[in-house]
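Novice: Pasting final-v1.csv here (CSV, C-alpha atoms and all ligand atoms):
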chain,number,residue,atom,x,y,z
A,289,MET,CA,-10.9,-7.9,2.3
A,290,VAL,CA,-13.5,-10.3,0.9
A,291,GLU,CA,-13.2,-13.6,2.7
A,292,ALA,CA,-14.8,-16.8,1.6
A,293,ASP,CA,-15.7,-19.7,3.8
A,294,TRP,CA,-13.9,-22.2,1.7
A,295,ALA,CA,-10.7,-24.2,2.1
A,296,PRO,CA,-9.0,-26.9,0.0
A,297,SER,CA,-8.3,-30.5,0.9
A,298,LYS,CA,-5.1,-32.6,0.4
A,299,GLU,CA,-6.6,-34.0,-2.8
A,300,ASP,CA,-6.6,-30.6,-4.5
A,301,ILE,CA,-4.1,-29.8,-7.1
A,302,VAL,CA,-2.8,-26.4,-6.1
A,303,VAL,CA,-1.0,-24.0,-8.5
A,304,VAL,CA,0.3,-20.7,-7.2
A,305,LEU,CA,1.1,-17.9,-9.6
A,306,THR,CA,3.2,-15.0,-8.2
A,307,GLY,CA,4.3,-11.6,-9.5
A,308,ALA,CA,6.5,-8.8,-8.3
A,309,GLY,CA,3.9,-7.9,-5.6
A,310,VAL,CA,4.8,-10.9,-3.4
A,311,SER,CA,8.3,-9.5,-3.0
A,312,ALA,CA,7.2,-5.8,-2.5
A,313,GLU,CA,7.1,-6.2,1.3
A,314,SER,CA,10.7,-7.6,1.2
A,315,GLY,CA,11.7,-4.3,-0.3
A,316,VAL,CA,12.1,-5.4,-3.9
A,317,PRO,CA,10.5,-2.6,-6.1
A,318,THR,CA,7.8,-3.6,-8.5
A,319,PHE,CA,8.1,-2.1,-12.1
A,320,ARG,CA,4.8,-0.3,-12.1
A,321,GLY,CA,4.3,0.9,-8.6
A,322,GLU,CA,6.1,3.3,-6.4
A,323,GLY,CA,9.9,3.1,-6.5
A,324,GLY,CA,9.7,1.6,-9.9
A,325,LEU,CA,12.1,4.1,-11.4
A,326,TRP,CA,15.9,3.9,-11.5
A,327,ARG,CA,17.6,7.2,-12.2
A,328,GLN,CA,15.3,8.6,-14.9
A,329,PHE,CA,14.6,5.3,-16.6
A,330,ARG,CA,11.5,3.1,-16.7
A,331,ALA,CA,12.0,-0.6,-16.6
A,332,GLU,CA,10.3,-1.0,-20.0
A,333,ASP,CA,13.1,1.1,-21.5
A,334,LEU,CA,15.9,-1.0,-19.9
A,335,ALA,CA,14.6,-4.6,-19.9
A,336,THR,CA,14.7,-5.0,-23.6
A,337,PRO,CA,17.0,-6.6,-26.2
A,338,GLN,CA,17.2,-3.2,-28.0
A,339,ALA,CA,18.4,-1.4,-24.8
A,340,PHE,CA,21.1,-4.1,-24.3
A,341,ALA,CA,22.2,-3.9,-27.9
A,342,ARG,CA,22.4,-0.1,-27.7
A,343,ASP,CA,24.1,0.3,-24.3
A,344,PRO,CA,25.0,-3.0,-22.4
A,345,THR,CA,26.8,-1.0,-19.8
A,346,LEU,CA,23.7,1.0,-18.8
A,347,VAL,CA,21.6,-2.1,-18.7
A,348,TRP,CA,24.1,-3.9,-16.6
A,349,GLU,CA,24.4,-1.0,-14.2
A,350,TRP,CA,20.7,-1.2,-13.7
A,351,TYR,CA,20.9,-5.0,-13.1
A,352,ALA,CA,23.9,-4.6,-10.8
A,353,TRP,CA,21.8,-2.1,-8.8
A,354,ARG,CA,18.9,-4.5,-8.6
A,355,ARG,CA,21.1,-7.5,-7.7
A,356,GLY,CA,22.7,-5.4,-4.9
A,357,LEU,CA,19.2,-4.4,-3.6
A,358,ILE,CA,17.8,-7.9,-3.8
A,359,ALA,CA,20.8,-9.4,-2.0
A,360,GLU,CA,20.0,-7.2,1.0
A,361,CYS,CA,16.3,-8.3,1.0
A,362,GLU,CA,14.8,-11.2,3.0
A,363,PRO,CA,11.9,-13.4,2.1
A,364,ASN,CA,8.7,-12.2,3.9
A,365,ALA,CA,5.8,-14.0,5.5
A,366,GLY,CA,4.1,-14.4,2.1
A,367,HIS,CA,7.1,-16.3,0.7
A,368,ARG,CA,7.3,-18.4,3.8
A,369,VAL,CA,3.6,-19.4,3.7
A,370,LEU,CA,3.9,-20.5,0.1
A,371,ALA,CA,6.9,-22.7,1.0
A,372,GLU,CA,4.8,-24.3,3.8
A,373,MET,CA,2.0,-24.9,1.4
A,374,GLU,CA,4.3,-26.9,-0.8
A,375,SER,CA,4.8,-29.4,2.0
A,376,ALA,CA,1.1,-29.6,2.8
A,377,PHE,CA,-0.1,-30.5,-0.7
A,378,PRO,CA,1.2,-33.6,-2.5
A,379,ARG,CA,0.3,-32.0,-5.8
A,380,PHE,CA,1.6,-28.4,-5.8
A,381,LEU,CA,3.5,-26.1,-8.1
A,382,LEU,CA,4.6,-22.5,-7.7
A,383,VAL,CA,4.9,-20.6,-10.9
A,384,THR,CA,6.6,-17.2,-10.6
A,385,GLN,CA,7.2,-14.3,-12.8
A,386,ASN,CA,9.8,-13.1,-10.3
A,387,VAL,CA,13.5,-13.2,-11.0
A,388,ASP,CA,14.7,-12.5,-7.5
A,389,GLY,CA,15.1,-16.0,-6.1
A,390,LEU,CA,13.2,-15.1,-2.8
A,391,HIS,CA,10.8,-18.1,-3.1
A,392,GLN,CA,13.7,-20.5,-3.2
A,393,ARG,CA,15.4,-18.7,-0.3
A,394,ALA,CA,12.1,-19.1,1.7
A,395,GLY,CA,12.3,-22.9,1.1
A,396,SER,CA,10.2,-23.4,-2.0
A,397,ARG,CA,11.5,-26.2,-4.2
A,398,ARG,CA,8.8,-26.9,-6.8
A,399,VAL,CA,9.2,-23.6,-8.6
A,400,VAL,CA,8.9,-22.8,-12.3
A,401,GLU,CA,10.6,-19.5,-13.1
A,402,LEU,CA,8.7,-18.1,-16.1
A,403,HIS,CA,10.9,-15.0,-16.5
A,404,GLY,CA,14.3,-16.5,-15.6
A,405,SER,CA,16.6,-15.5,-12.7
A,406,ILE,CA,18.6,-12.4,-12.0
A,407,TRP,CA,21.2,-14.8,-10.4
A,408,ARG,CA,22.1,-16.4,-13.7
A,409,VAL,CA,24.0,-15.1,-16.7
A,410,ARG,CA,23.9,-16.2,-20.3
A,411,CYS,CA,26.6,-15.8,-23.0
A,412,VAL,CA,25.2,-13.9,-25.9
A,413,ARG,CA,27.4,-15.9,-28.4
A,414,GLU,CA,27.3,-19.5,-27.0
A,415,GLY,CA,24.0,-19.4,-25.1
A,416,THR,CA,25.6,-21.1,-22.1
A,417,VAL,CA,23.9,-20.3,-18.8
A,418,SER,CA,25.6,-20.2,-15.4
A,419,GLU,CA,24.8,-19.3,-11.9
A,420,ASP,CA,26.3,-15.9,-10.9
A,421,SER,CA,25.5,-14.4,-7.5
A,422,ARG,CA,28.4,-12.0,-7.3
A,423,VAL,CA,27.6,-8.7,-5.7
A,424,PRO,CA,29.2,-6.5,-6.9
A,425,LEU,CA,30.2,-7.9,-10.3
A,426,SER,CA,33.9,-7.7,-11.1
A,427,GLU,CA,33.3,-5.9,-14.4
A,428,ILE,CA,30.4,-4.1,-16.1
A,429,PRO,CA,29.4,-5.4,-18.5
A,430,PRO,CA,30.6,-8.9,-17.5
A,431,ARG,CA,32.1,-11.1,-20.2
A,432,CYS,CA,32.2,-14.8,-20.9
A,433,GLU,CA,35.5,-16.7,-21.0
A,434,CYS,CA,35.0,-16.7,-24.8
A,435,GLY,CA,35.2,-12.9,-24.9
A,436,ALA,CA,31.5,-12.3,-25.7
A,437,LEU,CA,29.1,-10.3,-23.5
A,438,LEU,CA,27.1,-12.0,-20.8
A,439,ARG,CA,23.5,-10.9,-20.3
A,440,PRO,CA,21.2,-11.5,-17.4
A,441,ASP,CA,19.3,-14.8,-17.9
A,442,VAL,CA,15.9,-13.1,-17.7
A,443,VAL,CA,13.1,-12.7,-20.2
A,444,TRP,CA,13.0,-9.1,-21.5
A,445,PHE,CA,10.0,-7.3,-22.9
A,446,GLY,CA,9.4,-8.6,-26.4
A,447,GLU,CA,11.2,-11.9,-25.8
A,448,MET,CA,9.7,-15.4,-25.8
A,449,LEU,CA,9.4,-17.2,-22.5
A,450,PRO,CA,11.5,-20.4,-22.0
A,451,GLU,CA,9.5,-23.0,-23.7
A,452,ALA,CA,9.8,-25.8,-21.1
A,453,ALA,CA,8.9,-23.5,-18.3
A,454,LEU,CA,5.8,-22.1,-20.1
A,455,GLN,CA,4.7,-25.6,-21.1
A,456,ARG,CA,5.0,-26.9,-17.5
A,457,ALA,CA,3.1,-23.9,-16.2
A,458,SER,CA,0.4,-24.2,-18.9
A,459,GLU,CA,-0.1,-27.9,-18.2
A,460,ALA,CA,-0.3,-27.2,-14.5
A,461,ALA,CA,-2.8,-24.4,-15.0
A,462,ALA,CA,-5.0,-26.7,-17.1
A,463,ALA,CA,-4.8,-29.5,-14.5
A,464,CYS,CA,-5.2,-27.7,-11.2
A,465,THR,CA,-8.3,-27.5,-9.1
A,466,VAL,CA,-7.1,-24.4,-7.2
A,467,MET,CA,-5.2,-21.5,-8.6
A,468,LEU,CA,-3.9,-18.9,-6.1
A,469,VAL,CA,-2.7,-15.7,-7.8
A,470,VAL,CA,-0.6,-13.4,-5.7
A,471,GLY,CA,0.8,-9.9,-6.4
A,472,THR,CA,0.6,-9.7,-10.1
A,473,SER,CA,-1.1,-7.0,-12.1
A,474,ALA,CA,-2.0,-9.7,-14.6
A,475,VAL,CA,-1.2,-7.6,-17.7
A,476,VAL,CA,2.1,-9.2,-18.8
A,477,GLN,CA,1.4,-12.0,-21.2
A,478,PRO,CA,1.5,-15.0,-21.4
A,479,ALA,CA,1.6,-15.4,-17.6
A,480,ALA,CA,-1.6,-13.3,-17.3
A,481,SER,CA,-3.6,-15.9,-19.3
A,482,LEU,CA,-2.7,-18.8,-16.9
A,483,PRO,CA,-5.5,-18.0,-14.3
A,484,TRP,CA,-8.0,-17.8,-17.2
A,485,MET,CA,-6.9,-21.1,-18.4
A,486,ALA,CA,-7.3,-22.6,-14.9
A,487,LYS,CA,-10.7,-21.1,-14.7
A,488,SER,CA,-11.9,-22.4,-18.0
A,489,HIS,CA,-10.8,-25.9,-16.8
A,490,GLY,CA,-13.0,-25.5,-13.7
A,491,ALA,CA,-10.4,-24.5,-11.1
A,492,ARG,CA,-11.2,-22.2,-8.2
A,493,VAL,CA,-9.3,-18.9,-8.8
A,494,ILE,CA,-8.2,-17.0,-5.7
A,495,VAL,CA,-6.7,-13.6,-6.0
A,496,VAL,CA,-4.5,-11.8,-3.5
A,497,ASN,CA,-3.6,-8.2,-4.3
A,498,PRO,CA,-4.0,-4.8,-2.5
A,499,GLU,CA,-5.4,-3.3,-5.7
A,500,ALA,CA,-8.1,-4.3,-8.2
A,501,THR,CA,-6.7,-6.0,-11.4
A,502,PRO,CA,-8.3,-7.3,-14.6
A,503,LEU,CA,-8.2,-10.7,-13.0
A,504,LEU,CA,-10.9,-9.9,-10.5
A,505,ASP,CA,-13.4,-10.9,-13.3
A,506,ALA,CA,-12.0,-14.5,-13.2
A,507,ALA,CA,-11.8,-14.7,-9.4
A,508,ASP,CA,-14.0,-16.9,-7.2
A,509,GLU,CA,-12.4,-15.4,-4.1
A,510,VAL,CA,-10.6,-12.1,-3.6
A,511,TRP,CA,-8.4,-11.1,-0.8
A,512,LEU,CA,-7.7,-7.4,-1.1
A,513,GLY,CA,-4.5,-6.7,0.9
A,514,PRO,CA,-0.7,-7.2,1.0
A,515,ALA,CA,0.5,-10.7,0.5
A,516,GLY,CA,2.6,-10.7,3.7
A,517,GLU,CA,-0.6,-10.1,5.8
A,518,VAL,CA,-3.2,-11.9,3.7
A,519,LEU,CA,-1.4,-15.2,3.1
A,520,PRO,CA,-0.8,-16.0,6.7
A,521,SER,CA,-4.6,-15.5,7.4
A,522,LEU,CA,-5.6,-17.5,4.4
A,523,TRP,CA,-3.1,-20.3,5.3
A,524,GLN,CA,-4.4,-20.4,8.9
A,525,ARG,CA,-7.9,-21.2,7.6
A,526,TRP,CA,-6.6,-23.7,5.1
A,527,GLU,CA,-4.4,-25.5,7.6
A,528,GLU,CA,-7.3,-25.9,10.0
A,529,ASN,CA,-9.3,-27.6,7.2
A,530,LEU,CA,-6.3,-29.8,6.2
A,531,GLY,CA,-6.3,-31.1,9.8
A,532,GLY,CA,-2.5,-30.8,10.5
B,601,LIG,P1,3.4,-7.0,-11.8
B,601,LIG,O1,2.8,-6.7,-13.2
B,601,LIG,O2,3.4,-8.4,-11.4
B,601,LIG,O3,2.6,-6.0,-10.8
B,601,LIG,C1,2.8,-5.9,-9.4
B,601,LIG,C2,1.5,-6.2,-8.7
B,601,LIG,O4,1.7,-6.4,-7.3
B,601,LIG,C3,0.4,-5.1,-8.8
B,601,LIG,O5,-0.8,-5.6,-9.2
B,601,LIG,C4,0.3,-4.6,-7.3
B,601,LIG,O6,-1.0,-4.1,-7.0
B,601,LIG,C5,0.7,-5.8,-6.6
B,601,LIG,N1,1.2,-5.6,-5.2
B,601,LIG,C6,2.0,-4.5,-4.8
B,601,LIG,N2,2.3,-4.7,-3.5
B,601,LIG,C7,1.8,-5.9,-3.1
B,601,LIG,C8,1.8,-6.7,-1.9
B,601,LIG,N3,2.4,-6.2,-0.8
B,601,LIG,N4,1.2,-7.9,-1.9
B,601,LIG,C9,0.6,-8.3,-3.0
B,601,LIG,N5,0.5,-7.7,-4.2
B,601,LIG,C10,1.1,-6.5,-4.2
B,601,LIG,O7,4.8,-6.7,-11.7
B,601,LIG,P2,5.6,-5.5,-12.4
B,601,LIG,O8,6.3,-4.9,-11.2
B,601,LIG,O9,4.7,-4.7,-13.2
B,601,LIG,O10,6.7,-6.3,-13.3
B,601,LIG,C11,6.4,-6.9,-14.6
B,601,LIG,C12,7.5,-8.0,-14.8
B,601,LIG,O11,8.7,-7.8,-14.2
B,601,LIG,C13,7.0,-9.3,-14.2
B,601,LIG,O12,7.6,-10.4,-14.8
B,601,LIG,C14,7.6,-9.2,-12.8
B,601,LIG,O13,7.5,-10.4,-12.1
B,601,LIG,C15,9.0,-8.7,-13.2
B,601,LIG,N6,9.6,-8.1,-11.9
B,601,LIG,C16,10.1,-9.0,-11.0
B,601,LIG,C17,10.5,-8.5,-9.8
B,601,LIG,C18,11.1,-9.5,-8.8
B,601,LIG,O14,11.6,-10.5,-9.2
B,601,LIG,N7,10.8,-9.2,-7.5
B,601,LIG,C19,10.4,-7.1,-9.5
B,601,LIG,C20,9.9,-6.2,-10.5
B,601,LIG,C21,9.5,-6.8,-11.7
Take the structure in the file and write it out as structure tokens.
Specialist:
Amino acid sequence: MVEADWAPSKEDIVVVLTGAGVSAESGVPTFRGEGGLWRQFRAEDLATPQAFARDPTLVWEWYAWRRGLIAECEPNAGHRVLAEMESAFPRFLLVTQNVDGLHQRAGSRRVVELHGSIWRVRCVREGTVSEDSRVPLSEIPPRCECGALLRPDVVWFGEMLPEAALQRASEAAAACTVMLVVGTSAVVQPAASLPWMAKSHGARVIVVNPEATPLLDAADEVWLGPAGEVLPSLWQRWEENLGG
């Protein structure tokens, strides 16, 4: 762990970018690490519009499995620290690539979901979006009242991100003075470019990850370790500086 003797003040504009790694200690599998496979499939072969068009039942069986698994998971110390941070900084935004809703369950409210939510469904014909936290689902694949298929309201590989969410995240990245990047491999675009955008506008970039990622080149500060252990230590230092 490389620790730096630095801490923000209340005047700082803080943006946090999270990826699947922040939920790993809660038991939610990442796509690329251990436990990333379901049956014999890779996520990249299931989380696509083509896979859904070919076999919506298979894709929904995978999502039903993930929903069941996530429903059993609890937010971890990393999620909780990020919720506390939100109360400490007047100007704060959490941008997540995660679809699991664990940040919100930990108490985070200022959240931009770049890749949607596994707890919402969207009608493929009408485009209407609704909350759906049923576990298990009553039918697979689920259908809209209009008779068309419902799909998970998540961004699949090869799809555009929701425009409003991406714009909010990009504006925040350009305006922030501190960007904290937690648990992302920083290879999935366009989210991966947000820390570089922040850096080019003069922000301090802090990376938390147990492994090296391409983002280390942009980092002013690197904490090599799991989010659930690192974030409480980092937050202890920050809180002391903020003066309670
Ligand atoms: P990713 O590309 O964000 O990679 C996961 C990263 O987390 C890796 O760099 C890994 O080193 C790091 N990591 C692992 N354990 C960690 C820990 N305890 N603390 C901090 N970092 C840790 O994610 P991905 O799994 O390759 O997924 C790609 C896309 O799918 C992203 O949009 C991702 O958010 C989404 N996804 C979401 C969830 C979820 O909602 N929980 C789960 C899987 C995938």
Novice: Could you work out how far atom CA of A:Ala491 lies from atom C6 of ligand LIG 601 (chain B), giving the answer in Å with one decimal?
Specialist: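 These two atoms are separated by 24.4 Å.
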Novice: What residues of the protein or nucleic acid chains come within 7 Å of ligand LIG 601 (chain B) when you use all atoms listed in the file? Reply as a ChimeraX atom specification.
Specialist: /A:307-313,316-321,385-388,403,470-476,496-499,501,513-516
Novice: Between A:Arg355, A:Arg368, A:His489, A:Arg439, which has the minimum distance to A:Asp343 (counting all atoms listed in the file)?
Specialist: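 Distance minimum relative to A:Asp343 lands on A:Arg439.
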Novice: At a cut-off of 12 Å around the point (26.0, -19.0, -16.2) (file coordinates), what residues fall inside when counting all atoms listed in the file? I'd like the answer as JSON, numbers by chain.
Specialist: {"A": [404, 405, 406, 407, 408, 409, 410, 411, 412, 414, 415, 416, 417, 418, 419, 420, 421, 422, 430, 431, 432, 433, 437, 438, 439, 440, 441, 442]}
Novice: Mind pulling up the distance from atom CA of A:Ser488 to atom CA of A:Ala462?
Specialist: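 So the answer is 8.2 Å.
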Novice: If you count only C-alpha atoms, which residues fall within 7 Å of A:Trp348, apart from same-chain ones fewer than 4 positions away, as a ChimeraX atom specification?
Specialist: /A:344,352,428-429
Novice: Atom CA of A:His367 to atom CA of A:Arg354: how many Å, to one decimal?
Specialist: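 Separating atom CA of A:His367 from atom CA of A:Arg354 is a distance of 19.1 Å.
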Novice: Please, which residues in stretch 415-506 of chain A fall within 9 Å of stretch 292-300 of chain A when counting only C-alpha atoms, and what is the closest atom pair and distance in Å to one decimal for each, ordered by chain then residue number, as a Markdown table?
Specialist:
| residue | atom | partner | partner_atom | distance |
| --- | --- | --- | --- | --- |
| A:Cys464 | CA | A:Asp300 | CA | 7.4 |
| A:Thr465 | CA | A:Asp300 | CA | 5.8 |
| A:Val466 | CA | A:Asp300 | CA | 6.8 |
Novice: Pick out the closest residue to A:Ala371 from this set: A:Val423, A:Thr384, A:Ala339, A:Ala394. Count all atoms listed in the file.
Specialist: A:Ala394
Novice: Counting all atoms listed in the file, which of A:Arg327, A:Ser481, A:Leu381, A:Trp444 gets nearest to A:Leu468?
Specialist: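 Checking each of A:Arg327, A:Ser481, A:Leu381, A:Trp444 against A:Leu468, counting all atoms listed in the file, the winner is A:Leu381.
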Novice: Please write as number ranges by chain the list of polymer residues whose atoms come within 10 Å of (9.4, -27.5, -5.6), counting all atoms listed in the file and keeping to the coordinates of the file.
Specialist: A: 371, 374-375, 380-383, 391-392, 395-400
Novice: Keeping only C-alpha atoms, write those residues as a PDB file, keeping the file's coordinate frame.
Specialist:
ATOM      1  CA  ALA A 371       6.900 -22.700   1.000  1.00  0.00           C
ATOM      2  CA  GLU A 374       4.300 -26.900  -0.800  1.00  0.00           C
ATOM      3  CA  SER A 375       4.800 -29.400   2.000  1.00  0.00           C
ATOM      4  CA  PHE A 380       1.600 -28.400  -5.800  1.00  0.00           C
ATOM      5  CA  LEU A 381       3.500 -26.100  -8.100  1.00  0.00           C
ATOM      6  CA  LEU A 382       4.600 -22.500  -7.700  1.00  0.00           C
ATOM      7  CA  VAL A 383       4.900 -20.600 -10.900  1.00  0.00           C
ATOM      8  CA  HIS A 391      10.800 -18.100  -3.100  1.00  0.00           C
ATOM      9  CA  GLN A 392      13.700 -20.500  -3.200  1.00  0.00           C
ATOM     10  CA  GLY A 395      12.300 -22.900   1.100  1.00  0.00           C
ATOM     11  CA  SER A 396      10.200 -23.400  -2.000  1.00  0.00           C
ATOM     12  CA  ARG A 397      11.500 -26.200  -4.200  1.00  0.00           C
ATOM     13  CA  ARG A 398       8.800 -26.900  -6.800  1.00  0.00           C
ATOM     14  CA  VAL A 399       9.200 -23.600  -8.600  1.00  0.00           C
ATOM     15  CA  VAL A 400       8.900 -22.800 -12.300  1.00  0.00           C
TER      16      VAL A 400
END
Novice: From the options A:Glu349, A:Gly323, A:Ala436, A:Gly366, which residue's atoms come nearest to A:Leu522, counting only C-alpha atoms?
Specialist: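 Nearest to A:Leu522: A:Gly366.
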Novice: So which one's closest to A:Gln455, A:Gly435, A:Gly315, A:Pro337, A:Pro478? Using only C-alpha atoms, please.
Specialist: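 Distance minimum relative to A:Gln455 lands on A:Pro478.
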Novice: Give me the residues within 7 Å of A:Val495 as a ChimeraX atom specification, counting all atoms listed in the file and dropping any in the same chain fewer than 6 places off.
Specialist: /A:468-470,507,509-511
Novice: Point out the residue among A:Cys361, A:Ile301, A:Ala335, A:Leu370 with the least atom-to-atom distance to A:Trp523, counting only C-alpha atoms.
Specialist: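 Closest to A:Trp523, using only C-alpha atoms: A:Leu370.
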Novice: Compile the contact shell of A:Met467 as a PyMOL selection string: residues with an atom at most 8 Å away, counting only C-alpha atoms, same-chain residues fewer than 2 positions apart removed.
Specialist: chain A and resi 302-305+461+464-465+469+483+486+491-494
Novice: Using the atoms already present, construct all heavy atoms for stretch 322-330 of chain A and hand them back as a PDB file, keeping the file's coordinate frame.
Specialist:
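result_14.pdb was written with the following content:
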ATOM      1  N   GLU A 322       5.169   2.359  -6.899  1.00  0.00           N
ATOM      2  CA  GLU A 322       6.100   3.300  -6.400  1.00  0.00           C
ATOM      3  C   GLU A 322       7.514   2.774  -6.330  1.00  0.00           C
ATOM      4  O   GLU A 322       7.705   1.596  -6.112  1.00  0.00           O
ATOM      5  CB  GLU A 322       5.702   3.644  -4.904  1.00  0.00           C
ATOM      6  CG  GLU A 322       4.690   4.748  -4.774  1.00  0.00           C
ATOM      7  CD  GLU A 322       4.273   4.896  -3.325  1.00  0.00           C
ATOM      8  OE1 GLU A 322       5.145   4.982  -2.462  1.00  0.00           O
ATOM      9  OE2 GLU A 322       3.052   4.881  -3.095  1.00  0.00           O
ATOM     10  N   GLY A 323       8.498   3.606  -6.514  1.00  0.00           N
ATOM     11  CA  GLY A 323       9.900   3.100  -6.500  1.00  0.00           C
ATOM     12  C   GLY A 323      10.269   2.344  -7.680  1.00  0.00           C
ATOM     13  O   GLY A 323      11.284   1.663  -7.700  1.00  0.00           O
ATOM     14  N   GLY A 324       9.431   2.407  -8.731  1.00  0.00           N
ATOM     15  CA  GLY A 324       9.700   1.600  -9.900  1.00  0.00           C
ATOM     16  C   GLY A 324      10.735   2.244 -10.857  1.00  0.00           C
ATOM     17  O   GLY A 324      11.154   1.614 -11.805  1.00  0.00           O
ATOM     18  N   LEU A 325      11.154   3.460 -10.554  1.00  0.00           N
ATOM     19  CA  LEU A 325      12.100   4.100 -11.400  1.00  0.00           C
ATOM     20  C   LEU A 325      13.539   3.981 -10.906  1.00  0.00           C
ATOM     21  O   LEU A 325      13.771   3.973  -9.708  1.00  0.00           O
ATOM     22  CB  LEU A 325      11.800   5.614 -11.562  1.00  0.00           C
ATOM     23  CG  LEU A 325      10.628   6.023 -12.446  1.00  0.00           C
ATOM     24  CD1 LEU A 325      10.517   7.546 -12.460  1.00  0.00           C
ATOM     25  CD2 LEU A 325      10.790   5.521 -13.872  1.00  0.00           C
ATOM     26  N   TRP A 326      14.482   3.831 -11.838  1.00  0.00           N
ATOM     27  CA  TRP A 326      15.900   3.900 -11.500  1.00  0.00           C
ATOM     28  C   TRP A 326      16.514   4.982 -12.295  1.00  0.00           C
ATOM     29  O   TRP A 326      16.364   5.022 -13.515  1.00  0.00           O
ATOM     30  CB  TRP A 326      16.550   2.519 -11.829  1.00  0.00           C
ATOM     31  CG  TRP A 326      18.033   2.510 -11.722  1.00  0.00           C
ATOM     32  CD1 TRP A 326      18.766   2.451 -10.567  1.00  0.00           C
ATOM     33  CD2 TRP A 326      18.985   2.521 -12.792  1.00  0.00           C
ATOM     34  NE1 TRP A 326      20.097   2.439 -10.865  1.00  0.00           N
ATOM     35  CE2 TRP A 326      20.264   2.489 -12.223  1.00  0.00           C
ATOM     36  CE3 TRP A 326      18.875   2.583 -14.189  1.00  0.00           C
ATOM     37  CZ2 TRP A 326      21.438   2.484 -12.981  1.00  0.00           C
ATOM     38  CZ3 TRP A 326      20.026   2.588 -14.954  1.00  0.00           C
ATOM     39  CH2 TRP A 326      21.297   2.540 -14.344  1.00  0.00           C
ATOM     40  N   ARG A 327      17.231   5.899 -11.600  1.00  0.00           N
ATOM     41  CA  ARG A 327      17.600   7.200 -12.200  1.00  0.00           C
ATOM     42  C   ARG A 327      16.390   7.713 -12.944  1.00  0.00           C
ATOM     43  O   ARG A 327      15.326   7.756 -12.327  1.00  0.00           O
ATOM     44  CB  ARG A 327      18.809   6.922 -13.201  1.00  0.00           C
ATOM     45  CG  ARG A 327      20.049   6.407 -12.432  1.00  0.00           C
ATOM     46  CD  ARG A 327      21.286   6.361 -13.307  1.00  0.00           C
ATOM     47  NE  ARG A 327      22.349   5.608 -12.661  1.00  0.00           N
ATOM     48  CZ  ARG A 327      23.414   5.129 -13.305  1.00  0.00           C
ATOM     49  NH1 ARG A 327      23.573   5.322 -14.603  1.00  0.00           N
ATOM     50  NH2 ARG A 327      24.338   4.456 -12.646  1.00  0.00           N
ATOM     51  N   GLN A 328      16.487   8.060 -14.229  1.00  0.00           N
ATOM     52  CA  GLN A 328      15.300   8.600 -14.900  1.00  0.00           C
ATOM     53  C   GLN A 328      14.607   7.564 -15.766  1.00  0.00           C
ATOM     54  O   GLN A 328      13.728   7.899 -16.538  1.00  0.00           O
ATOM     55  CB  GLN A 328      15.582   9.892 -15.641  1.00  0.00           C
ATOM     56  CG  GLN A 328      16.363   9.700 -16.941  1.00  0.00           C
ATOM     57  CD  GLN A 328      17.871   9.606 -16.734  1.00  0.00           C
ATOM     58  OE1 GLN A 328      18.344   9.118 -15.714  1.00  0.00           O
ATOM     59  NE2 GLN A 328      18.631  10.061 -17.715  1.00  0.00           N
ATOM     60  N   PHE A 329      15.033   6.278 -15.648  1.00  0.00           N
ATOM     61  CA  PHE A 329      14.600   5.300 -16.600  1.00  0.00           C
ATOM     62  C   PHE A 329      13.382   4.471 -16.094  1.00  0.00           C
ATOM     63  O   PHE A 329      13.302   4.177 -14.908  1.00  0.00           O
ATOM     64  CB  PHE A 329      15.709   4.302 -16.941  1.00  0.00           C
ATOM     65  CG  PHE A 329      16.899   4.967 -17.572  1.00  0.00           C
ATOM     66  CD1 PHE A 329      18.013   5.294 -16.799  1.00  0.00           C
ATOM     67  CD2 PHE A 329      16.919   5.263 -18.926  1.00  0.00           C
ATOM     68  CE1 PHE A 329      19.116   5.910 -17.372  1.00  0.00           C
ATOM     69  CE2 PHE A 329      18.016   5.876 -19.502  1.00  0.00           C
ATOM     70  CZ  PHE A 329      19.130   6.203 -18.721  1.00  0.00           C
ATOM     71  N   ARG A 330      12.542   4.077 -17.025  1.00  0.00           N
ATOM     72  CA  ARG A 330      11.500   3.100 -16.700  1.00  0.00           C
ATOM     73  C   ARG A 330      12.005   1.740 -17.056  1.00  0.00           C
ATOM     74  O   ARG A 330      12.785   1.575 -18.005  1.00  0.00           O
ATOM     75  CB  ARG A 330      10.230   3.392 -17.567  1.00  0.00           C
ATOM     76  CG  ARG A 330       9.568   4.737 -17.300  1.00  0.00           C
ATOM     77  CD  ARG A 330       8.357   4.916 -18.202  1.00  0.00           C
ATOM     78  NE  ARG A 330       8.649   4.528 -19.582  1.00  0.00           N
ATOM     79  CZ  ARG A 330       7.799   3.883 -20.381  1.00  0.00           C
ATOM     80  NH1 ARG A 330       6.605   3.549 -19.939  1.00  0.00           N
ATOM     81  NH2 ARG A 330       8.136   3.558 -21.621  1.00  0.00           N
TER      82      ARG A 330
END
